[in-house]
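Report on the following structure.
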Amino acid sequence: MRLSGGLIDRSRTLRFSFDGKTYAGHPGDTLASALLANDVRLMGRSFKYHRPRGVIAAGSEEPNALVELRDGARREPNTRATTVELFDGLQARSQNRWPSLRFDAMAVNDLFANFLTAGFYYKTFMWPRAFWEKLYEPAIRRAAGLGSLSMQGDPDAYDKGFLHCDLLVVGAGAAGLAAALTAARAGARVILADEDHRLGGRLLAESHSLDDRPATEWIASLEAEFASLSNLRILRRTTVFGAFDHGIYGAVERVSDHKPEPGIQPRQTLWRITAKRTVLAGGATERHIPFRDNDRPGIMLGGALRAYANRWAVSPAKRVAIFTNNDDGHRTAFDLISRGVEIAAVVDSRPNAQAKGTYRVINDAVVSGSKGRLGLQSVAVTRGGQTEWIACSALGVSGGWNPNVHLASHQRGRPVWDEAQQTFLAPADLPGGMIVAGAAAAQGTTHAALASGADAALRALNDLGIAASRPALPAAEDAPLNLRPLWHVPGKHRAWIDFQNDVTVKDVKLSHQENMRAVEHLKRWTTLGMATDQGKTANVSALAVMAEMTGKGIAETGTTIFRPPYTPVSISVLGGGNTGEHFRPRRLTPSHPWAAAHGAVFVEVGQWMRAQYFVRPGETHWRQSVDREVLAARKGVGICDVTTLGKVDVQGADAAEFLDRLYCNAMKSLKTGMVRYGLMLREDGQAWDDGTCARLGETHYVVTTTTANAGTVYRHMEFARQCLWPELDVQLISTTDAWAQFSVAGPNARKLLERVVDGFDLSNEAFPFMACANLSVCGGARARLFRISFSGELAYEIAVPARYGNALFARLVELGQDLGATPYGTEALGVLRIEKGHAAGNELNGQTTAQMLGMGRMVSTKKDSVGAVMSRREGLAADTRVLVGLQPVDPSEPVVAGSHLFAEGATQETATDQGWITSACFSPHIGSSIGLGFLADGAARRGEVIVAANPIQNQSVRLRVVSAHFVDPEGERLRA
Amino acid sequence: MLIPHPLLGLRDAQEFSYLGDASLLLRPDGMAENAAETFFPYVYLRENPAGLHRELWFHEQGDRSWLVVTRNTVTHEILGAELAGDVVARNRASRDGGDLA
Amino acid sequence: MPDLEPITALGSNAPRSLSSGSLTLEENAALALASVSLRRNAPKPSPFGLDLPGPGGWTGSQGVSAFWTGPGQWMIEGHHRADSDFAVEVATSCPGCSVTEQTDGFAAFEIRSSMGEKPILRLMEKLVNIDASRLSAGSATRTGLEHMSVFVIRRAPDRVAVLGMRSAAGSIWHALEVAILRLNAAAA
Amino acid sequence: MRYSAFRVLQEALRGHKGWRPLWRDPEPQAAYDTVIVGGGGHGLATAYYLANTFKQSRIAVLEKGWLGSGNIGRNTTIIRSNYLLPGNEPFYEFSMKLWENLEQEFNFNAMVSQRGVVNLFHTDGQRDAYRRRGNAAILAGADAELLERDALRAMIPFLNFDNARFPVKGGLLQRRGGTARHDGVAWGYARGADRAGVDLIQNCEVTGFRIENGTVKGVETSRGFIGAKKVGVAVAGSTSRVMAQAGMGQLPIESHVLQAFVSEGLKPTIPGVITFGAGHFYISQSDKGGLVFGGDIDGYNSYAQRGNLPTVEDVAEGGMAVMPMIGRARLLRMWGGIMDMSMDGSPIIDRTPIDGLYLNSGWCYGGFKATPASGYAFAHLLATDRPHETAGAYRLDRFQRGTVIDEKGAGAQPNLH
């Protein structure tokens with residue numbers, strides 16, 4: 001029911017729907033306040049027993065009023081109605097009920113509640129064994145869960161950003177505002193973040209005045225001042241959800257959640273805030289007092305009832321009762337009466353409480369029961385053994401306040417029990433740079449909150465050496481709570497502690513009985529605090545009940561650890577918006593435009609997109625294209641963009657010595673103008689990466705790495721340079737992107753290149769195999785030429801500045817038409833290197849050795865190089881597996897990579913496994929499938945027929961062991 | 001985490017790659033007769049302390065410096081960072097005294 | 001001039017540009033780059049008369065500028081000189097140094113604000129985890145941007161340049177473009 | 001007390017008065033035959049099998065905190081046996097077979113759920129590697145299937161098949177893989193061990209070892225000296241700390257933090273376990289409805305049991321890339337456990353150079369699925385002084401000898417495993 005006043009804009013009406021029915025509210029409303037205004041008390045069902053539930057809180061601690069918000073792909077399950085700002089056209093549905101919220105068939109669970117006590121499922125559903133997956137679990141899974149996902153991709157955009165400040169103030173209530181004001185006036189760089197869209201925090205929910213004026217006037221004056229301060233950044237609708245190391249905080253700004261759709265803006269932004277100091281002014285959460293059947297719609301936290309009346313001008317009922325153990329209950333009664341709500345009674349567990357107005361006070365009494373199937377109708381009040389039923393449609397329960405110390409204990413500091421204030425306070429070992437203020441530090445009166453906020457800021461600024469003075473703060477109420485602890489109303493019947501997960505006082509008792517008494521055992525056995533509200537309203541009460549049972553104090557019983565996030569955070573925003581094709585950067589090769597225009601099919605190779613093969617008109621299967629490209633390279637000339645290989649420029653007086661220590665084979669003896677193949681080991685002796693090392697000048701080398709290892713090899717080279725041998729004069733820099741590099745391979749390679757070089761002698765004598773040179777091409781483009789081959793053909797790699805790459809690629813194809821010049825992609829590249837028996841990623845997978853690769857003798861014993869010592873360990877030396885070529889006995893059969901190798905006739909099991917096939921392809925040169933693989937004793941088994949077992953695809957193929965060099969084993973072609 | 005780069009000030013740890021214990025600076029001589037015995041602990045054994053740990057970080061998305069960072073592995077508190085090259089130079093200068101890292 | 005038509009990092013004949021609200025974004029295809037590293041015992045050079053800056057610094061004069069990239073390392077920028085053999089010129093003016101041609105190693109993007117530094121600061125906080133207000137004019141630093149490594153150069157209060165791997169130019173452009181458009185939409 | 005549906009019914013009708021503690025809280029005795037240090041999953045399983053299978057007596061488990069408070073209490077609950085290398089695969093398949101009969105054996109519903117594990121692949125090279133791995137599993141008696149894109153799409157239609165930076169090309173499926181309720185596993189073993197007479201001693205921290213002439217005599221604890229003929233250490237991330245007290249301060253182990261995450265409860269959406277092959281992300285959905293997911297370790301040595309934001313973002317980014325339909329679900333809780341990362345990524349179950357002192361460690365972030373076999377094999381070693389046939393490769397000297405078991409081929413850098 002709507003009351004008078006409040007901070008809502010009655011000049012505008014917003015239409016919204018809940019469970020298909022349309023209602024009206026106003027700007028300033030939350031979904032929860034608008035529903036209450038329309039007399040909707042029933043908003044959800046509990047998780048386990050499907051009990052009818054209404055809203056109990058007014059903030060992000062709400063455990064009951066969870067809805068599915070929005071429709072279609074934007075459906076958002078488990079959204080708290082209490083934090084949803086109303087907008088026109090909002091659609092919400094209740095969840096976890098069938099067929100409807102009022103008549104939920106699963107509520108039958110409640111009848112069997114006695115069987116469904118804490119931990120019951122660990123004790124049953126075990127027989128027969130196969131029934132778990134088939135019967136029990138599917139039934140449990142169907143019944144469990146709350147809202148449902150749309151199963152469609154999130155259509156909205158998300159953003160991330162990084163902020164830096166001197167002082168981060170978390171919470172814009174009285175304490176946070178005072179802290180921000182103090183620091184901002186001092187000129188510090190301040191960020192003030194609050195989850196609400198309006199500054200003020202609890203001040204907005206109370207009727208207190210500041211300096212005899214409404215609190216909103218003071219807030220408005222502050223906002224005016226804040227707007228003039230460029231050193232203060234206010235983040236509204238922003239929840240600081242986690243405190244991480246070294247003053248780094250995660251925060252989510254709900255940029256567009258209050259709008260029907262975000263438009264071009266992101267829906268939410270993830271901020272990573274780096275703060276030198278932090279004032280945590282996150283307020284406090286009210287406790288309820290469990291009593292029999294305390295979960296009916298209409299039973300709420302007292303402070304929430306007050307907030308709804310004061311800020312949103314709504315009450316869930318005309319006639320309301322209060323149950324309290326402190327003066328806050330009376331404050332609620334006073335505020336409600338002043339807004340025209342009838343107070344049936346204030347039930348106070350203390351003996352001598354005084355009324356704050358004209359209403360009935362029942363002292364020394366407790367609420368001991370309730371009635372009303374889908375909403376509260378009456379409560380039982382017990383005093384001195386006598387029980388009286390009092391009619392009321394809402395009950396406000398005030399059990400005291402728990403400081404919101406969550407962020408303070410995100411770094412595993414444990415909250416400390418304060419016996420005097422009967423509350424947990426922030427741990428002594430706070431996250432570095434954090435100060436707690438206001439209600440979060442149990443400074444709950446407005447006066448104390450303002451003062452502690454200002455003081456916290458002064459302390460923080462003093463630490464930072466920023467001069468500041470305490471601002472004049474308004475006069476404010478300073479009335480104590482006069483709390484007398486009452487953790488639950490004793491009784492035999494169910495009294496809820498954790499509303500969402502249906503954990504009752506009885507469950508805690510059973511947990512105690514079964515020796516699940518450690519706090520974590522209690523949580524896990526009963527599921528206490530595991531629901532979407534993270535136990536904000538439950539955990540402390542449950543601890544107190546357990547303490548009562550063990551007879552130990554609360555301090556001794558323990559405390560739970562708060563973990564991030566403070567409130568749940570959408571996975572989308574944590575992902576930061578880089579999804580779909582923008583998940584990772586896309587690197588393009590220099591010839592990409594030409595390739596894209598000439599039929600290339602691209603493939604992801606790490607971050608790179610490479611041409612996999614080029615489809616020519618009439619080709620309908622990828623093998624046609626690949627076979628054509630391979631044969632062209634073998635018979636004419638093929639051109640392939642190999643820019644993706646890592647290139648590192650190595651210079652310095654000691655460059656030769658440096659490279660000699662990095663590669664396992666000798667490099668110092670390499671002459672200027674020549675290239676050498678190099679193999680790098682890891683320090684553990686396994687083969688790591690291969691490439692070429694070209695000596696362009698006396699003190700200038702360019703080395704290449706594999707595409708996959710470009711980054712890690714460079715890192716390792718810097719490690720060697722800076723950490724292992726800083727005495728060497730070596731300079732390193734990556735030049736991978738600077739040069740477009742193309743492989744030109746095939747019998748006509750020389751002829752083709754002769755058409756582009758500017759007066760350079762390419763004859764075998766002048767530029768032999770493994771030569772390199774600086775030169776120019778196409779009338780003056782700087783270029784580098786390397787005579788190297790991974791295909792076994794006469795081959796070169798030509799490099800030009802990347803900007804010319806696309807044009808040079810086109811030029812080579814165009815000029816080589818009569819020579820059969822054919823662009824080829826990674827598939828043909830793979831076939832060519834397999835035919836030549838050249839190791840690549842599948843062979844250099846980090847699990848193989850130089851010896852296995854047939855390069856054991858390359859590991860020099862005459863020098864120290866990375867990995868050389870460990871490569872000689874007995875276990876590595878004893879491994880007889882070596883790279884061999886494999887060819888099917890029946891040429892029509894496939895060779896399949898990933899098959900395991902066995903001796904013919906052997907049983908096929910782990911113990912008889914002799915190796916595996918690393919790479920395989922169809923070889924147009926051989927006319928059958930071929931492969932490379934590691935085979936035990938492989939060096940001695942040439943000619944033997946073995947079996948390749950591929951049981952995962954029900955294949956078994958007889959293969960003959962052959963040389964890994966299917967093409968030109970003598971190397972005549974590449975030297976031609 | 002924030003790493004106090006000796007040249008660039010506090011930088012987010014996300015800019016760095018982690019390698020491990022700073023004892024990796026002390027690579028044994030691979031040509032020594034006892035190389036097999038010295039390389040095994042160098043490559044494979046770690047103190048792995050719960051407390052202060054001197055460790056190597058590479059400023060990969062930064063100036064490409066290798067740093068030796070002293071960090072508490074229990075609290076993540078960082079007590080300091082130096083250029084690894086400076087640490088190596090100091091080690092070598094005091095090698096006669098047997099002072100390592 | 002070689003008989004080959006160059007293309008920009010973004011793959012076309014002309015640099016790409018974008019203007020949105022107070023910000024303009026432009027691909028700078030004319031920037032020549034060469035890296036300089038001190039060799040052992042080499043004196044600090046002053047290429048083209050530049051006083052090479054210390055850690056985190058950028059300095060510029062007369063069409064050339066330089067920024068610190070690491071201990072004993074700098075990148076020299078030659079504005080409007082991409083077609084020249086810039087590395088050779090740099091090498092000549094840096095005796096005793098290792099010089100490497102880097103012109104085509106990077107894609108450069110220049111961002112300008114017509115409304116002073118605020119739009120630049122707001123843009124940078126969405127892109128890089130660097131305290132932009134401390135990255136004053138005359139600063140340069142390498143950092144991460146959407147899984148890429150970039151140099152961020154504050155050429156002036158209202159100007160910032162982002163240099164990243166040439167091969168990733170499209171991804172860098174995408175990141176900058178999205179951030180600029182959203183910033184403008186938020187301001188509107 | 002045996003648990004059963006009948007018992008639950010009976011207790012419900014008599015007010016649950018009959019339920020007894022799951023385990024006793026005995027005072028430590030002066031000496032035991034065998035002391036297990038560490039009351040986590042592996043320690044409890046070891047005690048369980050020592051007492052029940054190997055019929056040993058006078059056994060105690062010493063736990064610094066509460067039972068199950070280590071990594072068994074915080075993990076992503078995945079069980080599978082699709083390993084590659086012969087040193088690993090038979091062991092993990094043995095573990096899977098133990099999982100399959102676990103609940104009936106220890107009379108506790110640990111919700112072992114074989115709803116399948118899929119490892120997605122995105123390149124031809126990854127497919128080849130998974131084919132090799134799947135074949136290795138089959139050759140060791142496990143199950144594996146290679147699904148191509150269409151078959152995978154029929155099974156898991158909500159993956160990002162159409163707009164992905166790294167398109168899904170297929171997956172390696174192990175149907176017998178799945179999940180188990182992690183706490184339930186700890187409690188089941190604890191209860192089973194307690195019922196067989198094992199003393200489970202909580203809040204008892206080992207502070208030193210008494211070693212005489214190279215032989216262990218017992219352990220010093222926060223509750224006094226406890227004598228032992230044999231001491232088995234199974235303390236995961238605390239291995240280096242505990243073993244340093246025995247003078248074995250240098251081990252091929254680093255402690256690293258691994259974060260894991262759970263979302264709010266949702267109606268069932270994800271059938272089994274899905275692992276993204278082009279980013280660091282794996283996910284399943286618990287019976288309560290929470291999406292349980294994780295990614296890579298933070299990557300630096302840590303004992304802090306909490307991680308940092310970049311890893312959180314990285315994991316979420318991976319999740320959004322592979323299944324964007326989870327975006328509007330909310331992350332509810334994140335936590336960090338300390339992993340005993342070994343130098344080759346594989347575990348150690350072995351004697352130590354100190355007589356009577358045995359080590360179980362190096363589980364990296366795959367320790368949960370190994371719990372039954374780890375306990376069984378460690379119990380076998382403690383009882384017989386011989387390694388179990390499936391754990392013979394898990395030797396402490398393999399690093400020196402060069403017989404490492406490196407599934408990832410990442411080398412001697414723990415944060416890469």
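All residue names refer to the structure tokens as shown: chains lettered A, B, ... in order, residues numbered from 1 in each chain, ligands numbered from 1 in order.
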Any idea which chain C residues end up within 6 Å of chain B if we count only C-alpha atoms, as a PDB file with C-alpha atoms, in the first residue's frame please?
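File selection-v9.pdb, as written:
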```pdb
ATOM      1  CA  THR C  69      61.788   1.285 -24.062  1.00  0.00           C
ATOM      2  CA  GLY C  70      64.060  -0.442 -21.565  1.00  0.00           C
ATOM      3  CA  ARG C 142      54.636  -0.107 -22.711  1.00  0.00           C
ATOM      4  CA  THR C 143      51.669  -1.922 -21.250  1.00  0.00           C
ATOM      5  CA  GLY C 144      48.896  -4.375 -22.061  1.00  0.00           C
ATOM      6  CA  SER C 149      51.394  -5.308 -25.873  1.00  0.00           C
TER       7      SER C 149
END
```
Show me, as a tab-separated table, the residues of chain B having an atom within 7 Å of chain D, each with the closest atom pair and its distance in Å, using only C-alpha atoms.
```
residue	atom	partner	partner_atom	distance
B:Gln14	CA	D:Pro310	CA	6.7
B:Tyr18	CA	D:Tyr300	CA	6.3
B:Phe40	CA	D:Gln400	CA	5.9
B:Val43	CA	D:Ala412	CA	6.6
B:Tyr44	CA	D:Pro252	CA	5.3
B:Leu45	CA	D:Pro252	CA	4.6
B:Arg46	CA	D:Gln250	CA	5.2
B:Glu47	CA	D:Gln250	CA	5.0
B:Asn48	CA	D:Glu254	CA	5.4
B:Ala50	CA	D:Tyr303	CA	6.3
B:Thr73	CA	D:Ser302	CA	4.5
B:Val74	CA	D:Ala304	CA	4.8
B:Thr75	CA	D:Ala304	CA	6.0
```
Give me the residues of chain C that have any atom at most 12 Å from an atom of chain D; for each, the nearest atom pair and the distance in Å, rounded to one decimal. Use only C-alpha atoms, sort by chain and number, and format it as JSON lines.
```
{"residue": "C:Asn129", "atom": "CA", "partner": "D:Pro310", "partner_atom": "CA", "distance": 11.5}
{"residue": "C:Glu146", "atom": "CA", "partner": "D:Asp314", "partner_atom": "CA", "distance": 11.1}
{"residue": "C:His147", "atom": "CA", "partner": "D:Asp314", "partner_atom": "CA", "distance": 10.3}
```
Quiz item: So which residues touch Phe226 of chain A within 12 Å, counting only C-alpha atoms, skipping near sequence neighbours fewer than 2 positions away, as a list in words?
Solution: Leu177, Ala178, Ala180, Leu181, Thr182, Ala183, Ala184, Arg185, Gly187, Val190, Ile191, Leu192, Leu199, Ile219, Ala220, Ser221, Leu222, Glu223, Ala224, Ser228, Leu229, Ser230, Asn231, Leu232, Arg233 and Ile234 of chain A
Save out the residues we just selected, C-alpha atoms, as an mmCIF file, in the first residue's frame.
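Generated file (out.cif):
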```cif
data_model
loop_
_atom_site.group_PDB
_atom_site.id
_atom_site.type_symbol
_atom_site.label_atom_id
_atom_site.label_comp_id
_atom_site.auth_asym_id
_atom_site.auth_seq_id
_atom_site.Cartn_x
_atom_site.Cartn_y
_atom_site.Cartn_z
ATOM 1 C CA LEU A 177 29.886 10.901 2.481
ATOM 2 C CA ALA A 178 31.804 12.385 5.393
ATOM 3 C CA ALA A 180 34.634 11.602 0.705
ATOM 4 C CA LEU A 181 33.942 15.193 1.661
ATOM 5 C CA THR A 182 36.966 15.326 3.950
ATOM 6 C CA ALA A 183 39.315 13.866 1.381
ATOM 7 C CA ALA A 184 37.951 15.683 -1.646
ATOM 8 C CA ARG A 185 38.243 19.055 0.052
ATOM 9 C CA GLY A 187 42.531 17.793 -2.879
ATOM 10 C CA VAL A 190 38.900 10.300 -4.410
ATOM 11 C CA ILE A 191 36.525 7.689 -5.781
ATOM 12 C CA LEU A 192 33.208 7.323 -4.015
ATOM 13 C CA LEU A 199 23.825 8.964 -2.541
ATOM 14 C CA ILE A 219 23.001 15.286 0.743
ATOM 15 C CA ALA A 220 21.860 17.698 -1.982
ATOM 16 C CA SER A 221 24.236 20.370 -0.735
ATOM 17 C CA LEU A 222 27.060 17.864 -0.728
ATOM 18 C CA GLU A 223 26.261 16.762 -4.246
ATOM 19 C CA ALA A 224 26.432 20.349 -5.398
ATOM 20 C CA SER A 228 32.553 21.252 -8.491
ATOM 21 C CA LEU A 229 35.467 19.055 -7.394
ATOM 22 C CA SER A 230 37.322 17.520 -10.331
ATOM 23 C CA ASN A 231 39.380 15.358 -7.985
ATOM 24 C CA LEU A 232 36.300 13.427 -6.853
ATOM 25 C CA ARG A 233 34.762 10.719 -8.994
ATOM 26 C CA ILE A 234 31.377 9.399 -7.961
#
```
Could you make a table, as CSV, of the residues of chain A that have an atom within 6 Å of an atom of chain C, each with its nearest atom pair and distance in Å to one decimal, counting only C-alpha atoms, in chain and number order?
```
residue,atom,partner,partner_atom,distance
A:Gly161,CA,C:Lys126,CA,4.1
A:Phe162,CA,C:Glu125,CA,5.0
A:His164,CA,C:Asp131,CA,5.8
A:Gln265,CA,C:Arg182,CA,5.9
A:Pro585,CA,C:Ser171,CA,5.4
A:Arg586,CA,C:Ala168,CA,5.9
A:Arg587,CA,C:Ala168,CA,4.5
A:Leu588,CA,C:Ser167,CA,5.0
A:Asp729,CA,C:Arg40,CA,5.6
A:Asp737,CA,C:Gly105,CA,4.4
A:Ala738,CA,C:Gly105,CA,3.5
A:Cys778,CA,C:Asp3,CA,5.3
A:Gly779,CA,C:Pro2,CA,4.5
A:Gly780,CA,C:Pro2,CA,4.5
A:Ala781,CA,C:Pro2,CA,5.1
A:Ala802,CA,C:Asp104,CA,5.5
A:Arg803,CA,C:Pro6,CA,4.8
A:Tyr804,CA,C:Pro6,CA,4.7
A:Ala807,CA,C:Leu4,CA,5.7
```
With only C-alpha atoms counted and 6 Å as the cut-off, give the residues of chain A in contact with chain D, each with its shortest interatomic distance in Å and the pair that gives it, as CSV.
```
residue,atom,partner,partner_atom,distance
A:Glu76,CA,D:Arg328,CA,5.6
A:Asn114,CA,D:Ala12,CA,5.5
A:Phe115,CA,D:Ala12,CA,5.3
A:Tyr122,CA,D:Asn109,CA,4.4
A:Lys123,CA,D:Tyr3,CA,4.9
A:Thr124,CA,D:Ala5,CA,4.9
A:Met126,CA,D:Asn109,CA,5.9
A:Arg141,CA,D:Asp287,CA,5.1
A:Ala144,CA,D:Lys288,CA,5.2
A:Gly145,CA,D:Leu266,CA,4.1
A:Leu146,CA,D:Leu266,CA,4.9
A:Gly147,CA,D:Leu266,CA,5.2
A:Ser148,CA,D:Lys267,CA,5.0
A:Met151,CA,D:Met325,CA,5.1
A:Gln152,CA,D:Met325,CA,4.8
A:Gly153,CA,D:Met325,CA,4.1
A:Asp154,CA,D:Gly327,CA,5.7
A:Phe244,CA,D:Asn308,CA,5.9
A:Glu514,CA,D:Pro21,CA,3.6
A:Asn515,CA,D:Pro21,CA,4.7
A:Thr532,CA,D:Glu264,CA,5.5
A:Pro564,CA,D:Met334,CA,5.8
A:Pro565,CA,D:Arg333,CA,6.0
A:Pro568,CA,D:Leu332,CA,4.6
A:Val569,CA,D:Arg330,CA,4.8
A:Ser570,CA,D:Arg330,CA,3.9
A:Ile571,CA,D:Gly327,CA,4.9
A:Ser572,CA,D:Gly327,CA,4.2
A:Leu574,CA,D:Glu313,CA,5.2
A:Gly575,CA,D:Glu317,CA,3.8
A:Thr579,CA,D:Ala321,CA,5.0
A:Gly580,CA,D:Ala164,CA,4.7
A:Glu581,CA,D:Arg165,CA,4.1
A:Gly846,CA,D:Gly409,CA,4.0
A:Gln847,CA,D:Gly409,CA,4.7
A:Arg873,CA,D:Gly402,CA,5.4
A:Glu874,CA,D:Arg401,CA,5.7
A:Gly875,CA,D:Gly402,CA,4.3
A:Leu876,CA,D:Gly402,CA,5.6
A:Ala897,CA,D:Asp128,CA,5.5
A:Gly898,CA,D:Arg132,CA,3.7
A:Ser899,CA,D:Arg132,CA,5.8
A:Glu909,CA,D:Leu139,CA,4.6
A:Thr910,CA,D:Ala140,CA,5.4
A:Pro951,CA,D:Asn135,CA,6.0
A:Ile952,CA,D:Asn135,CA,5.6
```
Quiz item: Using only C-alpha atoms, which residues sit within 7 Å of segment 819-835 of chain A once same-chain residues fewer than 2 positions away are excluded, as an MDAnalysis selection string?
Solution: chainID A and resid 611:614 626 629:630 632 636:640 748 790:791 813 816:817 837:838 921 923 932 965:967
Quiz item: Taking only C-alpha atoms into account, what are the residues of chain A at most 7 Å from chain B, put as a list in words?
Solution: Asp245, His246, Asp684, Phe719, Gln722, Cys723, Leu724, Pro726, Lys863, Asp864, Val869 and Met870 of chain A
Hey, can you spit out that residue selection with N, CA, C and O atoms as a compact mmCIF listing (two decimals), in the first residue's frame?
```txt
# COMPACT_ATOMS: atom_id res chain seq x y z
N ASP A 245 44.83 -8.01 -3.68
CA ASP A 245 46.11 -7.61 -3.13
C ASP A 245 46.52 -6.19 -3.50
O ASP A 245 46.28 -5.73 -4.62
N HIS A 246 47.19 -5.53 -2.58
CA HIS A 246 47.89 -4.28 -2.82
C HIS A 246 46.95 -3.13 -3.19
O HIS A 246 47.28 -2.30 -4.02
N ASP A 684 65.79 -28.63 -18.84
CA ASP A 684 65.61 -30.01 -18.38
C ASP A 684 66.05 -31.01 -19.45
O ASP A 684 65.88 -32.22 -19.27
N PHE A 719 66.01 -13.75 -20.59
CA PHE A 719 66.44 -14.33 -19.30
C PHE A 719 67.93 -14.68 -19.37
O PHE A 719 68.71 -14.35 -18.47
N GLN A 722 69.93 -11.28 -19.49
CA GLN A 722 69.96 -10.43 -18.30
C GLN A 722 70.35 -11.19 -17.03
O GLN A 722 70.94 -10.60 -16.13
N CYS A 723 69.97 -12.47 -16.96
CA CYS A 723 70.11 -13.19 -15.69
C CYS A 723 71.26 -14.19 -15.68
O CYS A 723 71.88 -14.40 -14.66
N LEU A 724 71.52 -14.84 -16.81
CA LEU A 724 72.55 -15.88 -16.80
C LEU A 724 73.92 -15.33 -17.20
O LEU A 724 74.92 -15.61 -16.56
N PRO A 726 74.96 -11.80 -18.07
CA PRO A 726 74.93 -10.35 -18.31
C PRO A 726 76.29 -9.80 -18.74
O PRO A 726 76.36 -8.67 -19.23
N LYS A 863 80.82 -27.87 -25.45
CA LYS A 863 80.50 -26.56 -24.89
C LYS A 863 79.34 -26.72 -23.91
O LYS A 863 78.66 -27.75 -23.91
N ASP A 864 79.16 -25.69 -23.13
CA ASP A 864 78.00 -25.65 -22.23
C ASP A 864 76.87 -24.95 -22.97
O ASP A 864 77.07 -23.86 -23.51
N VAL A 869 73.35 -30.59 -20.14
CA VAL A 869 73.68 -31.49 -19.03
C VAL A 869 72.51 -32.44 -18.75
O VAL A 869 72.68 -33.66 -18.68
N MET A 870 71.33 -31.88 -18.62
CA MET A 870 70.20 -32.72 -18.22
C MET A 870 69.74 -33.65 -19.35
O MET A 870 69.05 -34.63 -19.11
```
Self-check item: Surrounding residues of Pro888 of chain A excluding itself and chain neighbours under 6 positions, 10 Å, only C-alpha atoms, as a ChimeraX atom specification
Solution: /A:894-895,928-931,945-948,957-961
Limited to C-alpha atoms, could you put the picked residues into a file as a compact mmCIF listing (two decimals), in the first residue's frame?
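part_0.txt, written as the output of this step:
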```
# COMPACT_ATOMS: atom_id res chain seq x y z
CA PRO A 894 45.05 -44.10 -44.01
CA VAL A 895 47.81 -43.19 -41.63
CA SER A 928 49.41 -42.71 -50.38
CA SER A 929 48.94 -41.61 -46.85
CA ILE A 930 52.20 -41.22 -44.97
CA GLY A 931 53.16 -40.37 -41.44
CA VAL A 945 55.66 -54.05 -40.66
CA ILE A 946 53.99 -52.75 -37.51
CA VAL A 947 50.42 -51.99 -36.48
CA ALA A 948 48.97 -48.54 -35.91
CA VAL A 957 46.35 -50.24 -40.02
CA ARG A 958 49.48 -52.18 -40.95
CA LEU A 959 52.35 -49.81 -41.66
CA ARG A 960 55.82 -50.26 -42.95
CA VAL A 961 58.64 -48.48 -41.16
```
Quiz item: Distance atom CA of Ile283 of chain D-atom CA of Tyr121 of chain A, one decimal place?
Solution: 23.3 Å
Practice problem: Output as an NGL selection string all residues of segment 305-380 of chain D that backbone DSSP marks as helix (DSSP H, G or I). | Solution: :D and (309-322 or 324-326 or 367-380)
Quiz prompt | Interatomic distance, atom CA of Tyr189 of chain D to atom CA of Ala47 of chain D (Å, one decimal) | solution =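 Between these atoms lies a distance of 8.2 Å.
Residue neighbourhood of Trp58 of chain C, excluding near-sequence residues (fewer than 5 positions): Pro53, Ala66, Phe67, Trp68, Gly138, Ser139 and Ala140 of chain C, at 7 Å, using only C-alpha atoms.
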Quiz item: What lies within 8 Å of Ile201 of chain D using only C-alpha atoms, ignoring chain neighbours under 6 positions off, as a ChimeraX atom specification?
Solution: /D:25-28,60-63
